[in-house]
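Q: Below is data.cif; it holds mmCIF, C-alpha atoms.
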```cif
data_input
#
loop_
_atom_site.label_atom_id
_atom_site.label_comp_id
_atom_site.auth_asym_id
_atom_site.auth_seq_id
_atom_site.Cartn_x
_atom_site.Cartn_y
_atom_site.Cartn_z
CA MET I 16 18.76 -43.27 -14.97
CA GLU I 17 21.92 -43.31 -12.89
CA GLN I 18 23.53 -45.59 -15.49
CA TYR I 19 22.81 -43.06 -18.25
CA ILE I 20 24.24 -40.17 -16.27
CA THR I 21 27.39 -41.87 -14.95
CA ASN I 22 28.28 -43.58 -18.23
CA GLY I 23 27.56 -40.52 -20.34
CA LYS I 24 24.79 -42.29 -22.22
CA CYS I 25 22.19 -39.64 -21.54
CA LYS I 26 21.33 -38.84 -25.14
CA LYS I 27 17.80 -40.16 -24.58
CA LEU I 28 17.41 -37.99 -21.49
CA ASP I 29 18.57 -34.86 -23.32
CA THR I 30 15.48 -34.67 -25.53
CA LYS I 31 12.99 -37.26 -24.39
CA LEU I 32 12.71 -36.28 -20.73
CA PRO I 33 11.82 -32.63 -21.50
CA CYS I 34 9.35 -33.87 -24.14
CA TRP I 35 7.81 -36.18 -21.54
CA CYS I 36 7.43 -33.30 -19.07
CA ILE I 37 5.85 -31.00 -21.66
CA PHE I 38 3.50 -33.80 -22.74
CA GLN I 39 2.45 -34.37 -19.12
CA CYS I 40 1.77 -30.64 -18.72
CA LEU I 41 -0.30 -30.58 -21.92
CA LEU I 42 -2.33 -33.63 -20.88
CA ARG I 43 -2.96 -32.27 -17.39
CA SER I 44 -4.03 -28.93 -18.86
CA ALA I 45 -6.32 -30.48 -21.48
CA ASN I 46 -7.97 -32.77 -18.93
CA SER I 47 -8.48 -30.03 -16.34
CA ASP I 48 -10.41 -27.80 -18.73
CA SER I 49 -8.19 -24.82 -17.87
CA ASP I 50 -7.68 -21.73 -20.00
CA GLY I 51 -3.91 -22.03 -19.81
CA LEU I 52 -1.18 -24.52 -18.97
CA VAL I 53 -1.39 -26.22 -15.58
CA ILE I 54 2.23 -26.31 -14.43
CA SER I 55 1.59 -27.58 -10.89
CA ASP I 56 -1.29 -28.02 -8.46
CA HIS I 57 -3.46 -24.90 -8.53
CA VAL I 58 -0.93 -22.98 -10.66
CA GLN I 59 -1.64 -22.24 -14.28
CA VAL I 60 -0.04 -19.99 -16.84
CA THR I 61 -2.42 -18.14 -19.15
CA THR I 62 -2.05 -15.38 -21.71
CA LEU I 63 -3.14 -12.95 -18.99
CA ASN I 64 -0.58 -13.84 -16.31
CA TRP I 65 2.61 -14.83 -18.12
CA PRO I 66 5.37 -12.21 -18.46
CA LYS I 67 5.04 -10.17 -21.62
CA ASP I 68 8.16 -11.29 -23.42
CA ARG I 69 8.47 -12.22 -27.09
CA VAL I 70 10.45 -15.40 -26.31
CA LEU I 71 7.74 -16.63 -23.95
CA ASP I 72 5.10 -15.77 -26.55
CA TRP I 73 6.98 -17.94 -29.06
CA LEU I 74 7.24 -20.77 -26.55
CA LEU I 75 3.91 -20.72 -24.72
CA GLY I 76 1.65 -19.66 -27.60
CA PRO I 77 2.16 -22.87 -29.61
CA LEU I 78 1.84 -24.98 -26.44
CA LEU I 79 -1.57 -23.45 -25.77
CA LEU I 80 -2.64 -24.31 -29.31
CA ILE I 81 -1.42 -27.90 -28.94
CA LYS I 82 -3.26 -28.17 -25.60
CA ASP I 83 -6.49 -27.03 -27.25
CA GLN I 84 -6.01 -29.56 -30.05
CA MET I 85 -5.45 -32.37 -27.54
CA LYS I 86 -8.54 -31.30 -25.62
CA LYS I 87 -10.70 -31.53 -28.76
CA LEU I 88 -9.32 -34.98 -29.59
CA GLU I 89 -10.47 -36.37 -26.21
CA VAL I 90 -7.47 -38.67 -25.72
CA THR I 91 -8.35 -41.88 -23.84
CA GLU I 92 -6.23 -43.37 -21.05
CA ASP I 93 -5.04 -46.20 -23.32
CA GLU I 94 -3.97 -43.66 -25.94
CA GLU I 95 -2.20 -41.59 -23.27
CA MET I 96 -0.20 -44.62 -22.12
CA CYS I 97 0.75 -45.49 -25.68
CA LEU I 98 1.80 -41.90 -26.40
CA ARG I 99 3.97 -41.84 -23.26
CA LYS I 100 5.66 -45.04 -24.40
CA LEU I 101 6.19 -43.64 -27.90
CA ILE I 102 7.76 -40.47 -26.55
CA MET I 103 10.33 -42.39 -24.52
CA THR I 104 11.05 -45.32 -26.83
CA SER I 105 10.65 -44.39 -30.48
CA LYS I 106 12.41 -41.94 -32.74
CA ASN I 107 9.15 -40.48 -34.07
CA GLU I 108 10.91 -39.25 -37.21
CA LYS I 109 8.41 -40.64 -39.68
CA PRO I 110 4.82 -41.89 -39.53
CA SER I 111 5.87 -45.51 -40.05
CA ASP I 112 7.59 -45.44 -36.62
CA TRP I 113 4.09 -45.94 -35.17
CA ASP I 114 3.29 -49.06 -37.19
CA ASP I 115 4.30 -51.57 -34.50
CA SER I 116 3.47 -49.38 -31.51
CA GLY I 117 0.21 -51.09 -30.62
CA PHE I 118 -1.67 -47.80 -30.78
CA PRO I 119 -5.13 -48.58 -29.34
CA SER I 120 -7.31 -46.47 -31.65
CA ASP I 121 -8.47 -47.81 -35.01
CA ASP I 122 -9.38 -44.29 -36.14
CA ASN I 123 -6.63 -43.38 -38.61
CA ILE I 124 -7.61 -39.70 -38.62
CA LYS I 125 -7.27 -39.42 -34.84
CA ARG I 126 -4.04 -41.40 -34.99
CA GLY I 127 -2.64 -39.00 -37.59
CA GLN I 128 -3.69 -35.96 -35.56
CA LEU I 129 -2.06 -37.31 -32.39
CA GLN I 130 1.01 -38.25 -34.39
CA SER I 131 1.37 -34.70 -35.67
CA ILE I 132 1.00 -33.31 -32.15
CA ILE I 133 3.62 -35.65 -30.69
CA ARG I 134 6.09 -34.99 -33.51
CA ARG I 135 5.96 -31.26 -32.82
#
```
Show me this structure written as structure tokens.
A:
Amino acid sequence: MEQYITNGKCKKLDTKLPCWCIFQCLLRSANSDSDGLVISDHVQVTTLNWPKDRVLDWLLGPLLLIKDQMKKLEVTEDEEMCLRKLIMTSKNEKPSDWDDSGFPSDDNIKRGQLQSIIRR
């Protein structure tokens, strides 16, 4: 990471690191069966306790929907690891970017659903 920061090659960190953090939050929230987003140990943000601000509604509302979708898909540990790798290493611009990813599930419907979640 130091190499990227000192040499000014932090393009990957500009977008992929925040995506990684949001993905981790969504996974943690989906696996913990919480009503909101688990942002740290014993702290969760729900529609009842977040500040009533239109910008936060636009940001957190879709994240809650994505969390619920991930929860219903019941993502396995192998799929989680593959998704983490895809977030950090691939461009994810088109569905064919996943062709050589080694995605563990043979279920094309689940694969497509996870792909649409990750691309958002």
Q: Once the PyMOL selection byres ((chain I and resi 47) around 12) has been evaluated on this model, what residues remain selected, and can you format them as a ChimeraX atom specification?
A: /I:40-46,48-59,82-83,85-86,89
Q: What is the atom CA of Arg99 of chain I to atom CA of Asp72 of chain I distance in Å?
A: 26.3 Å
Q: Using all atoms listed in the file, which of I:Leu63, I:Met96, I:Ile102, I:Leu88 sits nearest Ile124 of chain I?
A: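 Between I:Leu63, I:Met96, I:Ile102, I:Leu88, the residue approaching Ile124 of chain I most closely is I:Leu88.
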Q: I'd like the residues picked by the PyMOL selection byres ((chain I and resi 133) around 9) written out as number ranges by chain, using the chain letters and numbers from the file.
A: I: 34, 38, 98, 101-102, 107, 128-132, 134-135
Q: I would like the residues chosen by the PyMOL selection byres ((chain I and resi 76) around 12) on the shown file; could you give them as a count of residues only?
A: 23
Q: Separation of atom CA of Lys87 of chain I and atom CA of Ile37 of chain I, in Å?
A: 18.0 Å
Q: Quote the spacing between atom CA of Thr104 of chain I and atom CA of Gln84 of chain I in Å to one decimal place.
A: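 Rounded to one decimal, the two atoms are 23.4 Å apart.
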Q: I need the residue nearest Thr30 of chain I from this list: I:Met103, I:Asp122, I:Cys97, I:Gly127. Use all atoms listed in the file for the distance.
A: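 Of all the options, I:Met103 lies closest to Thr30 of chain I.
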